[in-house]
Amino acid sequence: MSNVEPIAARPSNSPLSRGASDTVRNKILSLGDMARFAEDARARGQSVVLCHGTFDLLHMGHVRHLEQARQLGDLLFVTITADKFVNKGPDRPVFPAEIRSEMLAAMGYVDRVAVNDAPTAVNVIHAIKPDIYVKGSDYAQPSEDVTGFIVDERNAVEAHGGRIHFTYDITFSSSSLLNRYFDVFEPELKSYLDNVRDRGVLSDLIGILDEIKDKKVLLVGETIIDEYQYVSPLGKSPKENLIPTLYQSGETFAGGVIAAANHVAGFCREVHVITCLGEQDSEEKLIRSTLSSNVSLTVVYKPAAPTTRKRRFVDADYFRKLFEVYFMDDAPLIGAPDDAMVSAIEKYAPDYDVVIVTDFGHGMITPRARGALEAKSRFLSVNAQSNSANHGFNLITKYKRADYICIDAPEARLAVADPHIEIETIASERLPAAIDCGRIILTHGRHGCVTYDKNVGVRRIPAFTRRVIDTMGAGDAFLAITSPIVSTGRDMELVGFIGNAVGAIKVGIVGHRASVDRVTLMKFLTTLLK
């Protein structure tokens, strides 16, 4: 095999820790420089082999894999997934791209390393045009690749005349090694995950997600326009008791029931939304453009009112919410709009496997609408949210019956008018006494959640992350994705496990920039339980 020819010093923007040797520095390139180097190598008659992955914790399985790959050609190039695309859940990767690059570049088998700023290796393959693309044996069966990317990567390799090769040797999992031998989890969570892992429930969790994929889901609830205005505080005004800020930028999202629908749309075949928009400033164009392709929409219009908008002012440097302003008319629907809402519920609810109610307490769901939901839904899942506009007035106890309730601990305490009682007691005794409902989950922030099944009792599941960027919409995502699962009759502990994973993913997303999707959730579940 040919020797590797020298290359110019690394670009100034190359991700590399300062302590690396010059030899290692020269191996780490930008993707563009790597592509040019590959082109020059091919012109010299050298063959190029490419490996791609996360390589979060370099181990013997990786060593054997790279050794075998190097034997297949003259040059071995390795690309790693950029941190923001690792997609294995909160707190991963453990090691940032700079460290992962350096670890790989320090190996004698590896000739060049680059960081790929994309979710798959397809763009890398088109740039490098490798003669051989090498993956581990766990990708040999496309049906076992939860991302589905291996098919696209194979097609990209073959489009340039290359071929894919799978290595078969000892295998380890970086996630498994990190979970078992590194302090990546709090002690309580580690103990819980060890127990669940030993029970072998990962296949059950994946099976649950497969089981709900053909469900038809109806969501009924208010649409909320969630607006973030990013500002930089300037300091106290010398003449007024206020904090002046400097505007930086803004984002506007379609939230409320729309965000919940987009979450569940990634897991179920058909989703329909019944909602209320204001005739004034309806934002209907934004809302419809936001919907996933398998979500349809029925709108009831409220006259002489805007679509509810919540404008939050956020410290741009630290993502701290400073204050918010509501734009809304939360008077209950009356007359023709209420008739239209009830008619829509009576028309659609009987045809759907699951009906999810996101009741934000802004006047859309009247007593008549609640009655229709309770009477017509085959499986009724409910959240009645307490917020600053309805605090103490929008209680879950206004519903007489539900098949599944999912609310947070403060909402549960308000519902039973007791600020001190244990939430396990609320879930297992107080709420079932007030509402005809046999399955309940109370979410509890950094404490995780409590699940209740009338035939099993209660179980507490710890939170899966302490890294919180934005809590907005986390409860709605939890409700939306767990509701069709509860309708299957599955073990409520497994439901709570999936719900906590959903919540952990969602609190890492700003606003509604993205929805929790099936692939992301499956990868996170696998990461937790490897």
# chains A, B, ... in the order shown; residues from 1 in each chain; ligands from 1

call {"tool": "select_by_dssp", "arguments": {"residues": "segment 216-373 of chain A", "states": "helix (DSSP H, G or I)", "output": "number ranges by chain"}}
result
A: 257-265, 284-290, 336-351, 367-373

call {"tool": "closest_atom_pairs", "arguments": {"of": "segment 301-362 of chain A", "to": "segment 476-487 of chain A", "cutoff": "9 Å", "atoms": "only C-alpha atoms", "output": "CSV"}}
result
residue,atom,partner,partner_atom,distance
A:Asp353,CA,A:Pro484,CA,8.0
A:Val354,CA,A:Pro484,CA,6.2
A:Val355,CA,A:Ser483,CA,8.5
A:Ile356,CA,A:Ala480,CA,7.1
A:Thr358,CA,A:Asp476,CA,7.6

call {"tool": "write_last_selection", "arguments": {"atoms": "N, CA and C atoms", "output": "short mmCIF file (atom, residue, chain, number, x, y, z; two decimals), in the first residue's frame"}}
result
data_model
loop_
_atom_site.label_atom_id
_atom_site.label_comp_id
_atom_site.auth_asym_id
_atom_site.auth_seq_id
_atom_site.Cartn_x
_atom_site.Cartn_y
_atom_site.Cartn_z
N ASP A 353 -59.28 6.32 17.05
CA ASP A 353 -58.89 5.38 18.10
C ASP A 353 -58.65 6.08 19.43
N VAL A 354 -58.09 7.28 19.35
CA VAL A 354 -57.70 8.04 20.54
C VAL A 354 -58.11 9.49 20.36
N VAL A 355 -58.70 10.08 21.38
CA VAL A 355 -58.99 11.51 21.39
C VAL A 355 -58.16 12.14 22.51
N ILE A 356 -57.33 13.11 22.14
CA ILE A 356 -56.47 13.81 23.10
C ILE A 356 -56.98 15.23 23.26
N THR A 358 -56.19 18.84 24.79
CA THR A 358 -55.23 19.78 25.39
C THR A 358 -56.02 21.03 25.78
#

call {"tool": "residues_around", "arguments": {"residues": "segment 270-285 of chain A", "least_positions_apart": "2", "cutoff": "8 Å", "atoms": "only C-alpha atoms", "output": "number ranges by chain"}}
result
A: 214-223, 225, 257-258, 261, 264-265, 268, 287-289, 294-308, 341, 344-345, 364

call {"tool": "residues_around", "arguments": {"residues": "Gly448 of chain A", "least_positions_apart": "5", "cutoff": "6 Å", "atoms": "only C-alpha atoms", "output": "short mmCIF file (atom, residue, chain, number, x, y, z; two decimals) with C-alpha atoms, in the first residue's frame"}}
result
data_model
loop_
_atom_site.label_atom_id
_atom_site.label_comp_id
_atom_site.auth_asym_id
_atom_site.auth_seq_id
_atom_site.Cartn_x
_atom_site.Cartn_y
_atom_site.Cartn_z
CA ILE A 461 -39.83 6.85 37.43
CA PRO A 462 -36.87 9.26 37.79
CA ALA A 463 -36.17 12.04 35.30
#

call {"tool": "atom_distance", "arguments": {"atom1": "atom CA of Phe95 of chain A", "atom2": "atom CA of Ile505 of chain A"}}
result
18.8 Å

call {"tool": "closest_residue", "arguments": {"among": "A:Gln248, A:Asn390, A:Thr290, A:Thr79", "to": "Pro119 of chain A", "atoms": "only C-alpha atoms"}}
result
A:Thr79

call {"tool": "atom_distance", "arguments": {"atom1": "atom CA of Ala121 of chain A", "atom2": "atom CA of Ala106 of chain A"}}
result
22.0 Å

call {"tool": "closest_residue", "arguments": {"among": "A:Ala417, A:Leu57, A:Val110, A:Leu521", "to": "Asp74 of chain A", "atoms": "only C-alpha atoms"}}
result
A:Val110

call {"tool": "closest_residue", "arguments": {"among": "A:Arg312, A:Arg446, A:His59, A:Arg460", "to": "Gly496 of chain A", "atoms": "only C-alpha atoms"}}
result
A:Arg460

call {"tool": "select_by_dssp", "arguments": {"residues": "segment 3-227 of chain A", "states": "strand (DSSP E)", "output": "PyMOL selection string"}}
result
chain A and resi 28-29+48-53+75-81+112-116+132-136+163-167+216-221+223-227

call {"tool": "residues_around", "arguments": {"residues": "Thr527 of chain A", "least_positions_apart": "3", "cutoff": "7 Å", "atoms": "only C-alpha atoms", "output": "list in words"}}
result
Lys88, Ser175, Lys523, Phe524 and Lys530 of chain A

call {"tool": "closest_residue", "arguments": {"among": "A:Ile396, A:Leu75, A:Val416, A:Met472", "to": "Arg44 of chain A", "atoms": "only C-alpha atoms"}}
result
A:Leu75

call {"tool": "residues_around", "arguments": {"residues": "Ala384 of chain A", "least_positions_apart": "5", "cutoff": "12 Å", "atoms": "only C-alpha atoms", "output": "ChimeraX atom specification"}}
result
/A:220-222,356-362,365,370,390-399,402,404-408,410-412,414-415,475-476,479

call {"tool": "residues_around", "arguments": {"residues": "Lys400 of chain A", "least_positions_apart": "6", "cutoff": "12 Å", "atoms": "only C-alpha atoms", "output": "PyMOL selection string"}}
result
chain A and resi 367+370-375+380+382+431-437

call {"tool": "closest_residue", "arguments": {"among": "A:Leu29, A:Val519, A:Ala140, A:Met328", "to": "Ile224 of chain A", "atoms": "only C-alpha atoms"}}
result
A:Met328

call {"tool": "atom_distance", "arguments": {"atom1": "atom CA of His65 of chain A", "atom2": "atom CA of Asp83 of chain A"}}
result
22.0 Å

call {"tool": "closest_residue", "arguments": {"among": "A:Asp338, A:Asp131, A:Asp33, A:Asp152", "to": "Gln46 of chain A", "atoms": "only C-alpha atoms"}}
result
A:Asp131

call {"tool": "decode", "arguments": {"residues": "segment 185-206 of chain A", "atoms": "N, CA, C and O atoms", "output": "compact mmCIF listing (two decimals), in the first residue's frame"}}
result
# COMPACT_ATOMS: atom_id res chain seq x y z
N PHE A 185 -24.86 9.26 34.78
CA PHE A 185 -26.19 9.40 35.36
C PHE A 185 -26.09 9.65 36.86
O PHE A 185 -25.15 9.18 37.51
N GLU A 186 -27.07 10.35 37.41
CA GLU A 186 -27.19 10.48 38.85
C GLU A 186 -27.40 9.09 39.47
O GLU A 186 -27.97 8.20 38.83
N PRO A 187 -26.95 8.88 40.74
CA PRO A 187 -27.04 7.55 41.36
C PRO A 187 -28.44 6.93 41.31
O PRO A 187 -28.60 5.75 41.00
N GLU A 188 -29.47 7.74 41.63
CA GLU A 188 -30.84 7.20 41.62
C GLU A 188 -31.22 6.71 40.23
O GLU A 188 -31.79 5.62 40.05
N LEU A 189 -30.90 7.52 39.21
CA LEU A 189 -31.25 7.15 37.84
C LEU A 189 -30.43 5.94 37.39
O LEU A 189 -30.96 5.03 36.74
N LYS A 190 -29.15 5.90 37.72
CA LYS A 190 -28.32 4.76 37.33
C LYS A 190 -28.87 3.47 37.92
O LYS A 190 -28.96 2.45 37.22
N SER A 191 -29.25 3.50 39.20
CA SER A 191 -29.80 2.31 39.83
C SER A 191 -31.09 1.87 39.15
O SER A 191 -31.30 0.68 38.88
N TYR A 192 -31.94 2.84 38.83
CA TYR A 192 -33.21 2.50 38.16
C TYR A 192 -32.95 1.92 36.78
O TYR A 192 -33.53 0.89 36.40
N LEU A 193 -32.09 2.56 36.00
CA LEU A 193 -31.81 2.06 34.64
C LEU A 193 -31.16 0.69 34.68
O LEU A 193 -31.44 -0.15 33.81
N ASP A 194 -30.27 0.46 35.64
CA ASP A 194 -29.66 -0.88 35.76
C ASP A 194 -30.74 -1.93 35.98
O ASP A 194 -30.69 -3.02 35.38
N ASN A 195 -31.71 -1.61 36.81
CA ASN A 195 -32.80 -2.55 37.08
C ASN A 195 -33.64 -2.81 35.84
O ASN A 195 -33.94 -3.96 35.49
N VAL A 196 -33.99 -1.73 35.14
CA VAL A 196 -34.80 -1.88 33.93
C VAL A 196 -34.02 -2.63 32.85
O VAL A 196 -34.55 -3.49 32.15
N ARG A 197 -32.73 -2.31 32.74
CA ARG A 197 -31.88 -2.97 31.74
C ARG A 197 -31.81 -4.47 32.00
O ARG A 197 -31.90 -5.28 31.08
N ASP A 198 -31.67 -4.83 33.26
CA ASP A 198 -31.59 -6.25 33.62
C ASP A 198 -32.90 -6.99 33.33
O ASP A 198 -32.90 -8.20 33.11
N ARG A 199 -34.00 -6.26 33.32
CA ARG A 199 -35.30 -6.88 33.01
C ARG A 199 -35.52 -7.03 31.51
O ARG A 199 -36.50 -7.64 31.08
N GLY A 200 -34.62 -6.47 30.70
CA GLY A 200 -34.67 -6.66 29.25
C GLY A 200 -35.89 -6.06 28.58
O GLY A 200 -36.49 -6.70 27.71
N VAL A 201 -36.25 -4.84 28.96
CA VAL A 201 -37.49 -4.25 28.43
C VAL A 201 -37.28 -3.42 27.16
O VAL A 201 -38.26 -2.92 26.60
N LEU A 202 -36.04 -3.28 26.70
CA LEU A 202 -35.82 -2.42 25.52
C LEU A 202 -36.64 -2.90 24.33
O LEU A 202 -37.25 -2.09 23.62
N SER A 203 -36.67 -4.20 24.09
CA SER A 203 -37.44 -4.71 22.96
C SER A 203 -38.93 -4.43 23.13
O SER A 203 -39.64 -4.17 22.15
N ASP A 204 -39.40 -4.45 24.39
CA ASP A 204 -40.81 -4.12 24.65
C ASP A 204 -41.09 -2.66 24.30
O ASP A 204 -42.13 -2.34 23.72
N LEU A 205 -40.16 -1.77 24.66
CA LEU A 205 -40.35 -0.35 24.39
C LEU A 205 -40.38 -0.08 22.88
O LEU A 205 -41.23 0.67 22.39
N ILE A 206 -39.47 -0.71 22.16
CA ILE A 206 -39.46 -0.54 20.70
C ILE A 206 -40.73 -1.13 20.10
O ILE A 206 -41.34 -0.57 19.18
